[in-house]
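Participant: Sharing my_file_25.txt (compact mmCIF, C-alpha atoms) below.
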```
# COMPACT_ATOMS: atom_id res chain seq x y z
CA MET A 1 66.37 0.32 26.34
CA SER A 2 65.92 -1.55 23.11
CA ASN A 3 63.63 -4.04 24.88
CA GLU A 4 61.36 -1.17 25.97
CA THR A 5 61.34 0.31 22.45
CA PHE A 6 60.61 -3.08 20.92
CA SER A 7 57.77 -3.69 23.44
CA ALA A 8 56.27 -0.26 22.76
CA ALA A 9 56.42 -0.85 18.99
CA ILE A 10 54.70 -4.24 19.37
CA PHE A 11 52.05 -2.65 21.59
CA ILE A 12 51.41 0.13 19.02
CA VAL A 13 51.22 -2.32 16.09
CA THR A 14 48.86 -4.58 18.08
CA SER A 15 46.67 -1.59 19.00
CA ILE A 16 46.44 -0.56 15.36
CA LEU A 17 45.52 -4.12 14.29
CA VAL A 18 42.82 -4.34 16.99
CA ALA A 19 41.43 -0.96 15.90
CA VAL A 20 41.32 -2.07 12.24
CA VAL A 21 39.61 -5.37 13.10
CA LEU A 22 37.11 -3.58 15.34
CA ALA A 23 36.37 -0.95 12.66
CA ASN A 24 35.86 -3.68 10.02
CA ALA A 25 33.46 -5.47 12.35
CA LEU A 26 31.41 -2.37 13.23
CA PHE A 27 31.41 -0.48 9.90
CA PRO A 28 28.98 -2.82 8.04
CA ALA A 29 26.55 -2.74 10.97
CA VAL A 30 26.64 1.08 11.06
CA VAL A 31 26.13 1.33 7.28
CA LYS A 32 23.22 -1.16 7.39
CA SER A 33 21.64 0.78 10.26
CA VAL A 34 21.86 4.07 8.35
CA GLN A 35 20.41 2.48 5.19
CA SER A 36 17.58 0.93 7.20
CA SER A 37 16.65 4.26 8.77
CA GLU A 38 16.70 5.93 5.32
CA LEU A 39 14.32 3.27 3.95
CA SER A 40 12.02 3.68 6.95
CA SER A 41 12.02 7.45 6.46
CA ASP A 42 11.16 7.09 2.75
CA SER A 43 8.38 4.62 3.56
CA LEU A 44 6.91 6.91 6.21
CA THR A 45 7.04 9.89 3.82
CA GLY A 46 5.21 7.80 1.18
CA GLN A 47 2.50 6.87 3.70
CA LEU A 48 2.07 10.48 4.83
CA ASN A 49 1.78 11.78 1.26
CA THR A 50 -0.76 9.11 0.22
CA GLN A 51 -4.41 9.65 0.99
CA LEU A 52 -7.64 8.35 -0.48
CA SER A 53 -11.16 9.46 0.35
CA VAL A 54 -14.53 8.15 -0.75
CA SER A 55 -16.29 10.56 -3.07
CA GLU A 56 -19.29 8.28 -3.75
CA THR A 57 -20.59 4.72 -3.27
CA VAL A 58 -23.39 2.87 -5.02
CA PHE A 59 -24.77 -0.52 -3.90
CA TYR A 60 -27.54 -2.38 -5.73
CA LYS A 61 -28.85 -5.82 -6.74
CA SER A 62 -29.38 -7.02 -10.28
CA GLY A 63 -30.68 -10.56 -10.72
CA ASP A 64 -28.50 -12.98 -8.76
CA ASN A 65 -25.70 -10.45 -8.29
CA SER A 66 -24.86 -7.64 -5.90
CA HIS A 67 -23.00 -4.62 -7.24
CA LEU A 68 -20.62 -2.57 -5.09
CA ILE A 69 -19.32 0.61 -6.69
CA PHE A 70 -16.67 2.75 -5.01
CA TYR A 71 -15.30 6.07 -6.23
CA LEU A 72 -12.02 6.77 -4.41
CA LYS A 73 -10.46 10.21 -4.83
CA ASN A 74 -6.72 10.80 -4.46
CA THR A 75 -6.59 13.61 -1.88
CA GLY A 76 -2.92 13.09 -0.98
CA GLN A 77 0.19 14.93 -2.13
CA ASP A 78 1.60 12.12 -4.29
CA SER A 79 0.27 10.44 -7.42
CA ILE A 80 -0.32 6.71 -7.03
CA PRO A 81 0.89 4.34 -9.78
CA SER A 82 -1.50 1.70 -11.11
CA SER A 83 0.99 -0.95 -10.01
CA ALA A 84 0.30 0.06 -6.39
CA PHE A 85 -3.40 -0.74 -6.85
CA ASN A 86 -2.56 -3.94 -8.75
CA MET A 87 -0.45 -5.11 -5.77
CA SER A 88 -2.84 -3.85 -3.09
CA GLU A 89 -4.55 -6.05 -0.54
CA THR A 90 -8.21 -5.17 -1.00
CA TYR A 91 -11.19 -6.68 0.79
CA VAL A 92 -14.95 -6.09 0.45
CA GLY A 93 -18.12 -7.66 1.77
CA ASN A 94 -20.45 -7.68 4.70
CA PRO A 95 -18.65 -7.44 8.08
CA GLY A 96 -17.66 -10.93 9.16
CA GLU A 97 -17.97 -12.23 5.58
CA ILE A 98 -15.34 -10.26 3.67
CA PHE A 99 -13.45 -11.59 0.66
CA PRO A 100 -10.34 -10.40 -1.20
CA ILE A 101 -10.56 -8.80 -4.64
CA THR A 102 -7.89 -8.13 -7.23
CA ILE A 103 -7.78 -4.65 -8.71
CA LYS A 104 -6.19 -4.46 -12.16
CA VAL A 105 -6.62 -0.85 -13.20
CA GLY A 106 -7.83 -0.55 -16.76
CA SER A 107 -8.97 -4.15 -17.13
CA LYS A 108 -11.76 -6.41 -15.93
CA VAL A 109 -10.84 -9.27 -13.59
CA SER A 110 -13.22 -12.19 -14.08
CA GLY A 111 -14.24 -15.18 -12.04
CA THR A 112 -17.04 -15.73 -9.54
CA VAL A 113 -16.48 -12.13 -8.51
CA THR A 114 -15.75 -9.62 -11.27
CA VAL A 115 -13.93 -6.35 -10.69
CA ASP A 116 -13.87 -3.53 -13.21
CA SER A 117 -11.71 -0.50 -12.41
CA SER A 118 -10.34 2.59 -14.11
CA TYR A 119 -9.15 6.15 -13.47
CA TYR A 120 -11.15 9.27 -14.15
CA THR A 121 -9.98 12.86 -14.15
CA SER A 122 -12.19 15.68 -12.94
CA THR A 123 -13.44 16.07 -16.52
CA GLY A 124 -14.49 12.42 -16.70
CA SER A 125 -11.89 11.27 -19.22
CA LYS A 126 -9.71 8.26 -18.50
CA SER A 127 -6.12 9.09 -17.56
CA GLY A 128 -2.78 7.28 -17.84
CA ASP A 129 -1.11 4.80 -15.54
CA ARG A 130 -1.12 6.98 -12.40
CA LEU A 131 -3.87 8.30 -10.16
CA GLU A 132 -2.88 11.96 -9.89
CA LYS A 133 -3.97 14.26 -7.07
CA GLY A 134 -7.67 15.03 -7.51
CA GLU A 135 -8.37 12.11 -9.83
CA ILE A 136 -10.84 9.34 -9.06
CA LEU A 137 -10.39 5.57 -9.02
CA PHE A 138 -13.60 3.77 -10.02
CA ILE A 139 -14.02 0.22 -8.65
CA HIS A 140 -17.06 -1.88 -9.59
CA VAL A 141 -17.35 -5.24 -7.83
CA THR A 142 -19.99 -7.72 -9.02
CA ALA A 143 -20.51 -10.68 -6.69
CA PRO A 144 -23.20 -13.33 -6.23
CA ASN A 145 -25.90 -12.44 -3.70
CA SER A 146 -24.73 -15.49 -1.72
CA MET A 147 -21.37 -13.76 -1.10
CA VAL A 148 -22.54 -10.24 -0.27
CA THR A 149 -25.95 -8.73 0.45
CA VAL A 150 -26.97 -5.17 -0.33
CA ASN A 151 -30.37 -4.90 1.31
CA SER A 152 -31.40 -1.68 3.04
CA GLY A 153 -29.60 -1.45 6.39
CA ASP A 154 -26.85 -3.96 5.46
CA LYS A 155 -23.29 -2.92 6.18
CA ILE A 156 -20.61 -3.07 3.48
CA TYR A 157 -16.93 -3.18 4.47
CA PHE A 158 -14.14 -1.93 2.20
CA SER A 159 -10.43 -2.07 3.00
CA MET A 160 -7.38 -1.38 0.83
CA THR A 161 -3.71 -1.57 1.84
CA LEU A 162 -1.21 -0.27 -0.70
CA PRO A 163 2.38 -1.58 -0.96
CA ASN A 164 3.68 1.50 0.92
CA ARG A 165 1.53 0.27 3.87
CA TYR A 166 -1.03 3.09 3.53
CA THR A 167 -4.36 1.60 4.63
CA PHE A 168 -7.83 2.90 3.88
CA SER A 169 -10.82 1.11 5.37
CA GLN A 170 -14.42 2.09 5.96
CA THR A 171 -17.78 0.49 6.68
CA PHE A 172 -20.83 1.79 4.80
CA THR A 173 -24.55 1.31 5.44
CA VAL A 174 -26.79 0.50 2.45
CA LYS A 175 -29.66 3.00 2.15
```
Please lay out the structure from this file as C-alpha cells.
Facilitator:
Amino acid sequence: MSNETFSAAIFIVTSILVAVVLANALFPAVVKSVQSSELSSDSLTGQLNTQLSVSETVFYKSGDNSHLIFYLKNTGQDSIPSSAFNMSETYVGNPGEIFPITIKVGSKVSGTVTVDSSYYTSTGSKSGDRLEKGEILFIHVTAPNSMVTVNSGDKIYFSMTLPNRYTFSQTFTVK
C-alpha cells in the first residue's frame, strides 16, 4: 500500500509542477494580449473622437510662387495637441505631383517650400498649444510655381495623417 501512496504523491506533485510551468508559460502571453487590446481600443477611441473639416481654402499666385492656404476646423470631440500636427504626415500639391510639408504650429518652416501655421479661436485670437473643439488651424504653404500650379481649373490635393492614425484628405479645384 505504501507503493500506491508514494506513486499517487509523485503523480500529484508532478501534476502541480506541470500546472505551474504551464501557467508561467501562458500568463505572459495572456497579459500581453490584454494590454494589446487595451492599446487598440484607446487608439480607436482617439481616431473616433478626432475630426477635422475644411472651413475655407485660398489658392493664388504671387510672382514665382503659388500660395495654398487651408483653414482646418476641429469638429471632433477631443482637442488636438500641437505635437500631433508637428508629427503629422502632411502632403500637398497637384494630384500626381504631391510633396510632403512639415507643420510646426506657431512657427514658420523655411526652405524651398515655406509653411506658416497657427491656431485661431472663433474670436480670431491665437490660442495655446492645443487645437480645441471649434478652433481653426491656419496653414499657409508657399511653393515655387514649378512645384505646384494654381491656375483656374487645377486640382489641389491635401492630406494629413495624425499620429493617432486619423487621416484627412481632400482634393480641391481652383476657381
Participant: So the first atom is CA of Asn49 in chain A and the second is CA of Asp78 in chain A; what is the distance between them in Å, to one decimal place?
Facilitator: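 Between these atoms lies a distance of 5.6 Å.
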Participant: Hey, what's within 12 Å of Glu97 in chain A if we count only C-alpha atoms and toss same-chain stuff fewer than 4 positions away? As a PDB file with C-alpha atoms, keeping the file's coordinate frame, please?
Facilitator:
```pdb
ATOM      1  CA  TYR A  91     -11.190  -6.680   0.790  1.00  0.00           C
ATOM      2  CA  VAL A  92     -14.950  -6.090   0.450  1.00  0.00           C
ATOM      3  CA  GLY A  93     -18.120  -7.660   1.770  1.00  0.00           C
ATOM      4  CA  SER A 146     -24.730 -15.490  -1.720  1.00  0.00           C
ATOM      5  CA  MET A 147     -21.370 -13.760  -1.100  1.00  0.00           C
ATOM      6  CA  VAL A 148     -22.540 -10.240  -0.270  1.00  0.00           C
ATOM      7  CA  THR A 149     -25.950  -8.730   0.450  1.00  0.00           C
ATOM      8  CA  LYS A 155     -23.290  -2.920   6.180  1.00  0.00           C
ATOM      9  CA  ILE A 156     -20.610  -3.070   3.480  1.00  0.00           C
ATOM     10  CA  TYR A 157     -16.930  -3.180   4.470  1.00  0.00           C
ATOM     11  CA  PHE A 158     -14.140  -1.930   2.200  1.00  0.00           C
TER      12      PHE A 158
END
```
Participant: Calculated over all atoms listed in the file, which of the candidates A:Gly134, A:Gly96, A:Pro28, A:Gly111 has the smallest distance to Leu72 in chain A?
Facilitator: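 Answer, going by the shortest atom-to-atom distance: A:Gly134.
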Participant: Separation of CA of Pro144 in chain A and CA of Ser66 in chain A, in Å?
Facilitator: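 Distance reported for this atom pair: 5.9 Å.
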Participant: May I ask for the distance between CA of Gln51 in chain A and CA of Thr114 in chain A, given in Å to one decimal place?
Facilitator: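 Between CA of Gln51 in chain A and CA of Thr114 in chain A the gap is 25.5 Å.
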Participant: Leaving out Ile136 in chain A and any residue of its chain fewer than 6 positions from it, which residues lie within 7 Å of it when counting all atoms listed in the file, given as a list of chain:residue names?
Facilitator: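 Surrounding residues, per the criterion: A:Tyr71, A:Leu72, A:Lys73, A:Asn74, A:Tyr119, A:Tyr120, A:Thr121.
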Participant: Mind giving me the axis-aligned box for range 163-166 of chain A with 3 Å on every side, centre plus edges in Å to one decimal, as AutoDock Vina command-line options?
Facilitator:
```
--center_x 1.3 --center_y 0.8 --center_z 1.5 --size_x 10.7 --size_y 10.7 --size_z 10.8
```
Participant: I'd like the neighbourhood of Val174 in chain A as a PDB file with C-alpha atoms, in the frame of the given file, where a residue qualifies if any of its atoms comes within 6 Å (using only C-alpha atoms), though same-chain residues fewer than 5 positions away should be ignored.
Facilitator:
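Now in around-v6.pdb:
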```
ATOM      1  CA  SER A 152     -31.400  -1.680   3.040  1.00  0.00           C
ATOM      2  CA  GLY A 153     -29.600  -1.450   6.390  1.00  0.00           C
ATOM      3  CA  ASP A 154     -26.850  -3.960   5.460  1.00  0.00           C
TER       4      ASP A 154
END
```
Participant: Which residues, written as a list in words, have at least one atom at most 9 Å from Val141 in chain A, with only C-alpha atoms counted and residues fewer than 2 positions away on the same chain left out?
Facilitator: Ser66, His67, Leu68, Ile69, Phe70, Val92, Ile101, Val113, Thr114, Val115, Asp116, Ser117, Ile139 and Ala143 of chain A
Participant: Using only C-alpha atoms, which residues sit within 12 Å of Leu52 in chain A once same-chain residues fewer than 6 positions away are excluded, as a PyMOL selection string?
Facilitator: chain A and resi 70-80+85+131-137+159-162+166-170
Participant: Kindly extract all protein, DNA and RNA residues lying within 9 Å of the coordinates (1.6, 1.8, -12.0) given in the file, considering all atoms listed in the file, and supply them as a count of residues only.
Facilitator: 11
Participant: Which residue gives the smallest distance to Ile98 in chain A among A:Ser55, A:Thr171, A:Asn3, A:Ile16, with only C-alpha atoms counted?
Facilitator: A:Thr171
Participant: Between A:Asn94, A:Ser2, A:Ser118, A:Ser62, which is the closest to Thr173 in chain A once you count all atoms listed in the file?
Facilitator: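 Ranking A:Asn94, A:Ser2, A:Ser118, A:Ser62 by distance to Thr173 in chain A, first place goes to A:Asn94.
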